[in-house]
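Shown next, in structure tokens, is the structure this report addresses.
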Amino acid sequence: MVYHNLKALIKAIRACKTLADERALIQKESATIRTSFKEEDSFARHNNIAKLLYIHMLGYPAHFGQIECLKLVASPRFSDKRLGYLGIMLLLDENQEVLTLVTNSLKNDMNHSNMYAVGLALCTFANISSEEMSRDLSHEIEKLLGSSNTYIRKKAALCALRIVRRVPDLLENFVQKSKALLTDRNHGVLLSGITLITEMCEIDANCLQEFRNAVPLLVRQLKALVTTGYSPEHDVSGITDPFLQVKVLRLMRLIGKGDEKASETMNDILAQVKLLPTVIWTT
């Protein structure tokens, strides 16, 4: 029996009474999918990859769909790109040789006019990039950190985090752009930016001096969080974005350690934070 879409396949697998029946059905369906891939039908490819990813999530082999995911990513249709990138994130890791073929597609989509296509490329990069890919696309990530779109800046900061972990030599390329993120009003961008800066300071002690100049910015951001009124978008049990506050405090701890001037600048705002309810300290 041919299962024309994912819903039909899921229904059939759930109807199997024994594990042997499930294995036999999946083995037969996998063989059908392999044969279908040879026909180069783009509509059938989309359906087959969706079914194959479900098969993969059940723990069965699905590696033969890697190249087909790359073909979906190259499609102009957003729905194909979305499924293709999901497949790449599930079926590939940074040690796969096929990964070198993904680099060009990621670079193209990082320059796409649709911000959601750019977001897909950034999300994939942040999940699977190897040292080689990090070096190849470092310039693209650096450029996107200065994007006017908050959605893209946030994701680019997380990609930069992946790069500095994989290739610490490239860390200095992101210092100035990451410092600019501290002035951002968007909480998502601030959260990812501060996470990036904290990682950079932990990897390279030279960054500490660079970011000590930004202590007044951190104090200003924390003060705004502590003294702001009720904000339904960021409120958690009466505290405005405790997750961001904790990130700021952790970075302050790193920067203030062993520096009297930076510590003095932080004193007043830290005294205010101590008066907050305990929810922030248990986050």
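Residues in the structure tokens are named by chain (A, B, ... in the order shown) and by number from 1 within that chain; ligands are numbered from 1 in the order shown.
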Write out as CSV a residue-level contact list of segment 149-195 of chain A versus segment 201-214 of chain A with cut-off 10 Å: for each qualifying residue the closest pair of atoms and the distance in Å to one decimal, counting only C-alpha atoms, rows sorted by chain and residue number upward.
```
residue,atom,partner,partner_atom,distance
A:Val164,CA,A:Ile203,CA,8.4
A:Arg165,CA,A:Ile203,CA,8.3
A:Pro168,CA,A:Ile203,CA,7.4
A:Asp169,CA,A:Asp204,CA,9.8
A:Leu171,CA,A:Asp204,CA,8.4
A:Glu172,CA,A:Cys207,CA,8.4
A:Val175,CA,A:Cys207,CA,7.8
A:Gln176,CA,A:Glu210,CA,9.2
A:Ser178,CA,A:Phe211,CA,9.8
A:Lys179,CA,A:Phe211,CA,7.4
A:Ala180,CA,A:Ala214,CA,9.7
A:Leu182,CA,A:Ala214,CA,8.1
A:Thr183,CA,A:Ala214,CA,9.8
```
Selected residues written out, all heavy atoms, as a short mmCIF file (atom, residue, chain, number, x, y, z; two decimals), in the first residue's frame:
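See again-v4.cif below for the written result:
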```
data_model
loop_
_atom_site.label_atom_id
_atom_site.label_comp_id
_atom_site.auth_asym_id
_atom_site.auth_seq_id
_atom_site.Cartn_x
_atom_site.Cartn_y
_atom_site.Cartn_z
N VAL A 164 32.28 31.42 17.94
CA VAL A 164 33.35 31.64 18.91
C VAL A 164 33.63 30.38 19.73
O VAL A 164 34.75 30.19 20.22
CB VAL A 164 33.04 32.83 19.86
CG1 VAL A 164 32.89 34.12 19.06
CG2 VAL A 164 31.80 32.59 20.71
N ARG A 165 32.64 29.50 19.84
CA ARG A 165 32.89 28.22 20.52
C ARG A 165 33.67 27.26 19.64
O ARG A 165 34.54 26.53 20.11
CB ARG A 165 31.55 27.59 20.92
CG ARG A 165 30.91 28.23 22.13
CD ARG A 165 29.54 27.65 22.42
NE ARG A 165 28.97 28.18 23.66
CZ ARG A 165 27.71 27.98 24.04
NH1 ARG A 165 26.88 27.28 23.27
NH2 ARG A 165 27.28 28.47 25.19
N PRO A 168 37.67 29.91 18.30
CA PRO A 168 37.97 31.06 19.17
C PRO A 168 38.84 32.12 18.48
O PRO A 168 38.81 33.29 18.88
CB PRO A 168 38.72 30.41 20.36
CG PRO A 168 38.22 29.00 20.38
CD PRO A 168 38.01 28.62 18.94
N ASP A 169 39.60 31.72 17.46
CA ASP A 169 40.45 32.68 16.73
C ASP A 169 39.65 33.80 16.09
O ASP A 169 40.17 34.89 15.84
CB ASP A 169 41.24 31.96 15.62
CG ASP A 169 42.19 30.91 16.17
OD1 ASP A 169 42.39 30.92 17.40
OD2 ASP A 169 42.71 30.11 15.40
N LEU A 171 37.05 35.24 17.36
CA LEU A 171 36.32 35.99 18.40
C LEU A 171 36.42 37.50 18.22
O LEU A 171 35.42 38.22 18.34
CB LEU A 171 36.87 35.56 19.76
CG LEU A 171 36.22 36.11 21.02
CD1 LEU A 171 36.31 35.07 22.15
CD2 LEU A 171 36.89 37.39 21.48
N GLU A 172 37.61 38.00 17.92
CA GLU A 172 37.80 39.46 17.83
C GLU A 172 36.98 40.10 16.72
O GLU A 172 36.70 41.31 16.77
CB GLU A 172 39.28 39.78 17.63
CG GLU A 172 39.88 39.21 16.36
CD GLU A 172 41.36 39.51 16.24
OE1 GLU A 172 42.01 39.73 17.28
OE2 GLU A 172 41.86 39.51 15.11
N VAL A 175 33.63 41.51 18.41
CA VAL A 175 33.66 42.35 19.61
C VAL A 175 32.85 43.64 19.43
O VAL A 175 31.96 43.95 20.24
CB VAL A 175 35.11 42.68 20.02
CG1 VAL A 175 35.12 43.72 21.14
CG2 VAL A 175 35.83 41.41 20.47
N GLN A 176 33.13 44.38 18.37
CA GLN A 176 32.46 45.67 18.18
C GLN A 176 30.97 45.51 17.90
O GLN A 176 30.13 46.25 18.43
CB GLN A 176 33.13 46.45 17.04
CG GLN A 176 34.56 46.87 17.34
CD GLN A 176 34.68 47.65 18.65
OE1 GLN A 176 33.86 48.52 18.96
NE2 GLN A 176 35.69 47.32 19.45
N SER A 178 29.05 43.00 18.76
CA SER A 178 28.35 42.51 19.96
C SER A 178 28.16 43.62 20.98
O SER A 178 27.16 43.67 21.70
CB SER A 178 29.10 41.32 20.57
OG SER A 178 30.41 41.70 20.94
N LYS A 179 29.11 44.54 21.06
CA LYS A 179 28.98 45.67 21.98
C LYS A 179 27.78 46.54 21.60
O LYS A 179 27.06 47.05 22.46
CB LYS A 179 30.26 46.51 21.96
CG LYS A 179 30.34 47.53 23.10
CD LYS A 179 31.59 48.39 23.01
CE LYS A 179 32.82 47.59 23.30
NZ LYS A 179 34.03 48.47 23.34
N ALA A 180 27.54 46.66 20.29
CA ALA A 180 26.40 47.46 19.81
C ALA A 180 25.08 46.82 20.22
O ALA A 180 24.06 47.53 20.37
CB ALA A 180 26.48 47.60 18.29
N LEU A 182 24.27 45.73 23.02
CA LEU A 182 23.91 46.12 24.40
C LEU A 182 23.00 47.34 24.44
O LEU A 182 22.39 47.63 25.46
CB LEU A 182 25.18 46.41 25.21
CG LEU A 182 26.09 45.21 25.49
CD1 LEU A 182 27.33 45.65 26.23
CD2 LEU A 182 25.35 44.13 26.28
N THR A 183 22.92 48.06 23.34
CA THR A 183 22.05 49.25 23.29
C THR A 183 20.68 48.92 22.72
O THR A 183 19.82 49.79 22.61
CB THR A 183 22.70 50.36 22.43
OG1 THR A 183 22.85 49.87 21.09
CG2 THR A 183 24.06 50.74 22.98
#
```
When DSSP works through the backbone of this structure, what residues of segment 28-266 of chain A end up as alpha helix (DSSP H), shown as a PyMOL selection string? chain A and resi 28-37+42-57+66-73+78-91+99-110+115-128+131-144+150-166+175-181+187-203+206-212+215-227+242-256+260-266
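For Leu122 of chain A, the residues within 9 Å (counting only C-alpha atoms, excluding itself and residues fewer than 3 positions away along the chain) are Leu106, Asp109, Met110, Ala117, Val118, Gly119, Phe125, Ala126, Asn127, Ile141, Ile152, Lys155, Ala156, Leu158 and Cys159 of chain A.
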Just the residues within 8 Å of segment 38-44 of chain A, please, counting only C-alpha atoms, with nothing from its chain fewer than 4 positions along; format it as a PDB file with all heavy atoms, in the first residue's frame.
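The result, written out as selection-v1.pdb:
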```pdb
ATOM      1  N   ARG A  34      12.802   5.518  -1.397  1.00  0.00           N
ATOM      2  CA  ARG A  34      14.065   5.475  -2.149  1.00  0.00           C
ATOM      3  C   ARG A  34      13.801   5.480  -3.655  1.00  0.00           C
ATOM      4  O   ARG A  34      14.436   6.210  -4.419  1.00  0.00           O
ATOM      5  CB  ARG A  34      14.842   4.198  -1.795  1.00  0.00           C
ATOM      6  CG  ARG A  34      15.655   4.250  -0.528  1.00  0.00           C
ATOM      7  CD  ARG A  34      16.313   2.889  -0.338  1.00  0.00           C
ATOM      8  NE  ARG A  34      16.975   2.753   0.927  1.00  0.00           N
ATOM      9  CZ  ARG A  34      18.267   3.016   1.137  1.00  0.00           C
ATOM     10  NH1 ARG A  34      19.004   3.460   0.151  1.00  0.00           N
ATOM     11  NH2 ARG A  34      18.815   2.836   2.331  1.00  0.00           N
ATOM     12  N   ASN A  48       7.762  12.924   0.697  1.00  0.00           N
ATOM     13  CA  ASN A  48       8.638  11.816   1.092  1.00  0.00           C
ATOM     14  C   ASN A  48       9.597  12.215   2.209  1.00  0.00           C
ATOM     15  O   ASN A  48       9.858  11.428   3.112  1.00  0.00           O
ATOM     16  CB  ASN A  48       9.423  11.309  -0.119  1.00  0.00           C
ATOM     17  CG  ASN A  48       8.556  10.489  -1.064  1.00  0.00           C
ATOM     18  OD1 ASN A  48       7.611   9.836  -0.632  1.00  0.00           O
ATOM     19  ND2 ASN A  48       8.867  10.522  -2.351  1.00  0.00           N
ATOM     20  N   LEU A  72      15.652  20.166  -1.545  1.00  0.00           N
ATOM     21  CA  LEU A  72      14.513  20.951  -1.059  1.00  0.00           C
ATOM     22  C   LEU A  72      14.950  22.360  -0.660  1.00  0.00           C
ATOM     23  O   LEU A  72      14.257  23.341  -0.927  1.00  0.00           O
ATOM     24  CB  LEU A  72      13.870  20.263   0.155  1.00  0.00           C
ATOM     25  CG  LEU A  72      12.855  19.152  -0.101  1.00  0.00           C
ATOM     26  CD1 LEU A  72      12.287  18.659   1.229  1.00  0.00           C
ATOM     27  CD2 LEU A  72      11.724  19.601  -1.006  1.00  0.00           C
TER      28      LEU A  72
END
```
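The two atoms in question, atom CA of Val248 of chain A and atom CA of Gly188 of chain A, are spaced 13.0 Å apart.
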For Ala157 of chain A, work out the shell of residues within 10 Å, counting only C-alpha atoms and skipping chain neighbours fewer than 3 positions away, then give it as a PyMOL selection string. chain A and resi 122+126+141-142+144-146+152-154+160-163+174+177-178+181+189-197
Can you spit out the residues from that selection as a CSV table (one decimal), in the first residue's frame, using N, CA and C atoms?
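After the write, again-v6.csv holds the following:
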```csv
chain,number,residue,atom,x,y,z
A,122,LEU,N,20.0,30.8,9.4
A,122,LEU,CA,20.7,31.1,10.6
A,122,LEU,C,20.5,30.0,11.7
A,126,ALA,N,23.4,27.6,13.3
A,126,ALA,CA,23.6,27.6,14.7
A,126,ALA,C,23.6,26.1,15.3
A,141,ILE,N,27.8,36.2,9.0
A,141,ILE,CA,27.2,36.3,10.3
A,141,ILE,C,27.5,37.7,10.9
A,142,GLU,N,28.7,38.1,10.7
A,142,GLU,CA,29.2,39.4,11.2
A,142,GLU,C,28.3,40.5,10.6
A,144,LEU,N,25.2,40.2,9.3
A,144,LEU,CA,23.9,40.1,9.8
A,144,LEU,C,23.7,40.6,11.2
A,145,LEU,N,24.8,40.6,12.0
A,145,LEU,CA,24.7,41.2,13.4
A,145,LEU,C,24.3,42.7,13.3
A,146,GLY,N,24.6,43.3,12.2
A,146,GLY,CA,24.3,44.7,12.1
A,146,GLY,C,23.0,45.0,11.3
A,152,ILE,N,16.4,39.0,12.8
A,152,ILE,CA,17.7,38.5,12.2
A,152,ILE,C,18.8,38.7,13.2
A,153,ARG,N,18.9,39.9,13.8
A,153,ARG,CA,20.0,40.2,14.7
A,153,ARG,C,20.1,39.2,15.9
A,154,LYS,N,18.9,38.8,16.4
A,154,LYS,CA,18.8,37.9,17.5
A,154,LYS,C,19.4,36.5,17.1
A,160,ALA,N,26.9,33.7,16.0
A,160,ALA,CA,28.2,34.1,16.4
A,160,ALA,C,28.7,33.4,17.7
A,161,LEU,N,27.7,33.0,18.6
A,161,LEU,CA,28.1,32.2,19.7
A,161,LEU,C,28.6,30.9,19.3
A,162,ARG,N,28.0,30.3,18.3
A,162,ARG,CA,28.4,29.0,17.8
A,162,ARG,C,29.9,29.1,17.2
A,163,ILE,N,30.1,30.2,16.5
A,163,ILE,CA,31.4,30.4,15.9
A,163,ILE,C,32.5,30.6,16.9
A,174,PHE,N,33.9,39.8,16.3
A,174,PHE,CA,32.5,40.1,16.8
A,174,PHE,C,32.5,41.0,17.9
A,177,LYS,N,30.6,44.5,17.0
A,177,LYS,CA,29.2,44.3,16.7
A,177,LYS,C,28.4,43.8,17.9
A,178,SER,N,29.1,43.0,18.8
A,178,SER,CA,28.3,42.5,20.0
A,178,SER,C,28.2,43.6,21.0
A,181,LEU,N,25.1,45.5,20.4
A,181,LEU,CA,23.8,44.8,20.8
A,181,LEU,C,23.4,45.2,22.2
A,189,VAL,N,17.0,40.3,21.5
A,189,VAL,CA,18.4,40.6,21.0
A,189,VAL,C,19.3,40.8,22.1
A,190,LEU,N,18.9,41.5,23.2
A,190,LEU,CA,19.7,41.7,24.4
A,190,LEU,C,20.1,40.4,25.0
A,191,LEU,N,19.1,39.5,25.1
A,191,LEU,CA,19.4,38.2,25.8
A,191,LEU,C,20.5,37.4,25.0
A,192,SER,N,20.3,37.3,23.7
A,192,SER,CA,21.3,36.6,22.9
A,192,SER,C,22.6,37.3,22.8
A,193,GLY,N,22.6,38.7,22.8
A,193,GLY,CA,23.8,39.5,22.7
A,193,GLY,C,24.6,39.3,24.0
A,194,ILE,N,24.0,39.4,25.1
A,194,ILE,CA,24.7,39.3,26.4
A,194,ILE,C,25.2,37.8,26.6
A,195,THR,N,24.5,36.8,26.1
A,195,THR,CA,25.0,35.5,26.2
A,195,THR,C,26.3,35.3,25.3
A,196,LEU,N,26.3,36.0,24.2
A,196,LEU,CA,27.5,36.0,23.3
A,196,LEU,C,28.6,36.6,24.0
A,197,ILE,N,28.4,37.8,24.6
A,197,ILE,CA,29.5,38.6,25.2
A,197,ILE,C,30.0,37.8,26.4
```
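Coordinates place atom CA of Arg253 of chain A at a distance of 26.5 Å from atom CA of Ser231 of chain A.
The shell of residues at most 12 Å from Ala31 of chain A, with only C-alpha atoms counted and near chain neighbours (fewer than 2 positions) removed, consists of Val2, Ala24, Leu25, Ile26, Gln27, Lys28, Glu29, Ile33, Arg34, Thr35, Ser36, Phe37, Lys38, Asn48, Leu52, Pro61, Ala62, Phe64 and Gly65 of chain A.
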For the selection just defined, write its residues with N, CA and C atoms to a file, as a PDB file, in the first residue's frame.
```pdb
ATOM      1  N   VAL A   2       0.508   2.244  -0.813  1.00  0.00           N
ATOM      2  CA  VAL A   2       1.258   3.499  -0.891  1.00  0.00           C
ATOM      3  C   VAL A   2       0.604   4.531   0.014  1.00  0.00           C
ATOM      4  N   ALA A  24       8.184  -4.012   9.474  1.00  0.00           N
ATOM      5  CA  ALA A  24       7.923  -4.448   8.095  1.00  0.00           C
ATOM      6  C   ALA A  24       7.314  -3.302   7.284  1.00  0.00           C
ATOM      7  N   LEU A  25       6.385  -2.580   7.888  1.00  0.00           N
ATOM      8  CA  LEU A  25       5.741  -1.464   7.189  1.00  0.00           C
ATOM      9  C   LEU A  25       6.754  -0.358   6.876  1.00  0.00           C
ATOM     10  N   ILE A  26       7.594  -0.032   7.851  1.00  0.00           N
ATOM     11  CA  ILE A  26       8.576   1.047   7.649  1.00  0.00           C
ATOM     12  C   ILE A  26       9.638   0.643   6.635  1.00  0.00           C
ATOM     13  N   GLN A  27      10.034  -0.619   6.677  1.00  0.00           N
ATOM     14  CA  GLN A  27      11.015  -1.102   5.704  1.00  0.00           C
ATOM     15  C   GLN A  27      10.465  -1.003   4.278  1.00  0.00           C
ATOM     16  N   LYS A  28       9.207  -1.373   4.125  1.00  0.00           N
ATOM     17  CA  LYS A  28       8.569  -1.308   2.806  1.00  0.00           C
ATOM     18  C   LYS A  28       8.395   0.147   2.356  1.00  0.00           C
ATOM     19  N   GLU A  29       7.984   1.022   3.284  1.00  0.00           N
ATOM     20  CA  GLU A  29       7.784   2.430   2.950  1.00  0.00           C
ATOM     21  C   GLU A  29       9.115   3.110   2.622  1.00  0.00           C
ATOM     22  N   ILE A  33      10.102   5.063  -0.790  1.00  0.00           N
ATOM     23  CA  ILE A  33      10.628   6.431  -0.790  1.00  0.00           C
ATOM     24  C   ILE A  33      11.931   6.503  -1.576  1.00  0.00           C
ATOM     25  N   ARG A  34      12.802   5.518  -1.397  1.00  0.00           N
ATOM     26  CA  ARG A  34      14.065   5.475  -2.149  1.00  0.00           C
ATOM     27  C   ARG A  34      13.801   5.480  -3.655  1.00  0.00           C
ATOM     28  N   THR A  35      12.845   4.654  -4.074  1.00  0.00           N
ATOM     29  CA  THR A  35      12.508   4.559  -5.495  1.00  0.00           C
ATOM     30  C   THR A  35      11.937   5.872  -6.009  1.00  0.00           C
ATOM     31  N   SER A  36      11.097   6.504  -5.193  1.00  0.00           N
ATOM     32  CA  SER A  36      10.458   7.754  -5.584  1.00  0.00           C
ATOM     33  C   SER A  36      11.468   8.883  -5.762  1.00  0.00           C
ATOM     34  N   PHE A  37      12.539   8.872  -4.945  1.00  0.00           N
ATOM     35  CA  PHE A  37      13.565   9.913  -5.045  1.00  0.00           C
ATOM     36  C   PHE A  37      14.200   9.958  -6.436  1.00  0.00           C
ATOM     37  N   LYS A  38      14.270   8.808  -7.095  1.00  0.00           N
ATOM     38  CA  LYS A  38      14.909   8.728  -8.418  1.00  0.00           C
ATOM     39  C   LYS A  38      14.083   9.420  -9.497  1.00  0.00           C
ATOM     40  N   ASN A  48       7.762  12.924   0.697  1.00  0.00           N
ATOM     41  CA  ASN A  48       8.638  11.816   1.092  1.00  0.00           C
ATOM     42  C   ASN A  48       9.597  12.215   2.209  1.00  0.00           C
ATOM     43  N   LEU A  52       9.930  10.647   5.811  1.00  0.00           N
ATOM     44  CA  LEU A  52      11.233  10.122   6.206  1.00  0.00           C
ATOM     45  C   LEU A  52      11.693  10.698   7.546  1.00  0.00           C
ATOM     46  N   PRO A  61      16.596   3.996  10.223  1.00  0.00           N
ATOM     47  CA  PRO A  61      17.568   4.669   9.336  1.00  0.00           C
ATOM     48  C   PRO A  61      16.879   5.590   8.322  1.00  0.00           C
ATOM     49  N   ALA A  62      17.450   6.791   8.158  1.00  0.00           N
ATOM     50  CA  ALA A  62      16.880   7.733   7.195  1.00  0.00           C
ATOM     51  C   ALA A  62      17.980   8.547   6.516  1.00  0.00           C
ATOM     52  N   PHE A  64      19.618   8.122   3.910  1.00  0.00           N
ATOM     53  CA  PHE A  64      19.574   8.197   2.447  1.00  0.00           C
ATOM     54  C   PHE A  64      18.784   9.408   1.945  1.00  0.00           C
ATOM     55  N   GLY A  65      18.186  10.154   2.873  1.00  0.00           N
ATOM     56  CA  GLY A  65      17.433  11.339   2.477  1.00  0.00           C
ATOM     57  C   GLY A  65      18.225  12.642   2.587  1.00  0.00           C
TER      58      GLY A  65
END
```
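Counting from atom CA of Val73 of chain A, the distance to atom CA of Met133 of chain A is 17.0 Å.
The shortest atom-to-atom distance to Lys7 of chain A, with only C-alpha atoms taken into account, belongs to A:Ala50 out of A:Tyr60, A:Met266, A:Lys71, A:Ala50.
Near Asn5 of chain A, within 8 Å and counting only C-alpha atoms, sit Tyr3, Lys7, Ala8, Leu9, Asn47, Asn48 and Lys51 of chain A, not including residues fewer than 2 positions from it in the same chain.
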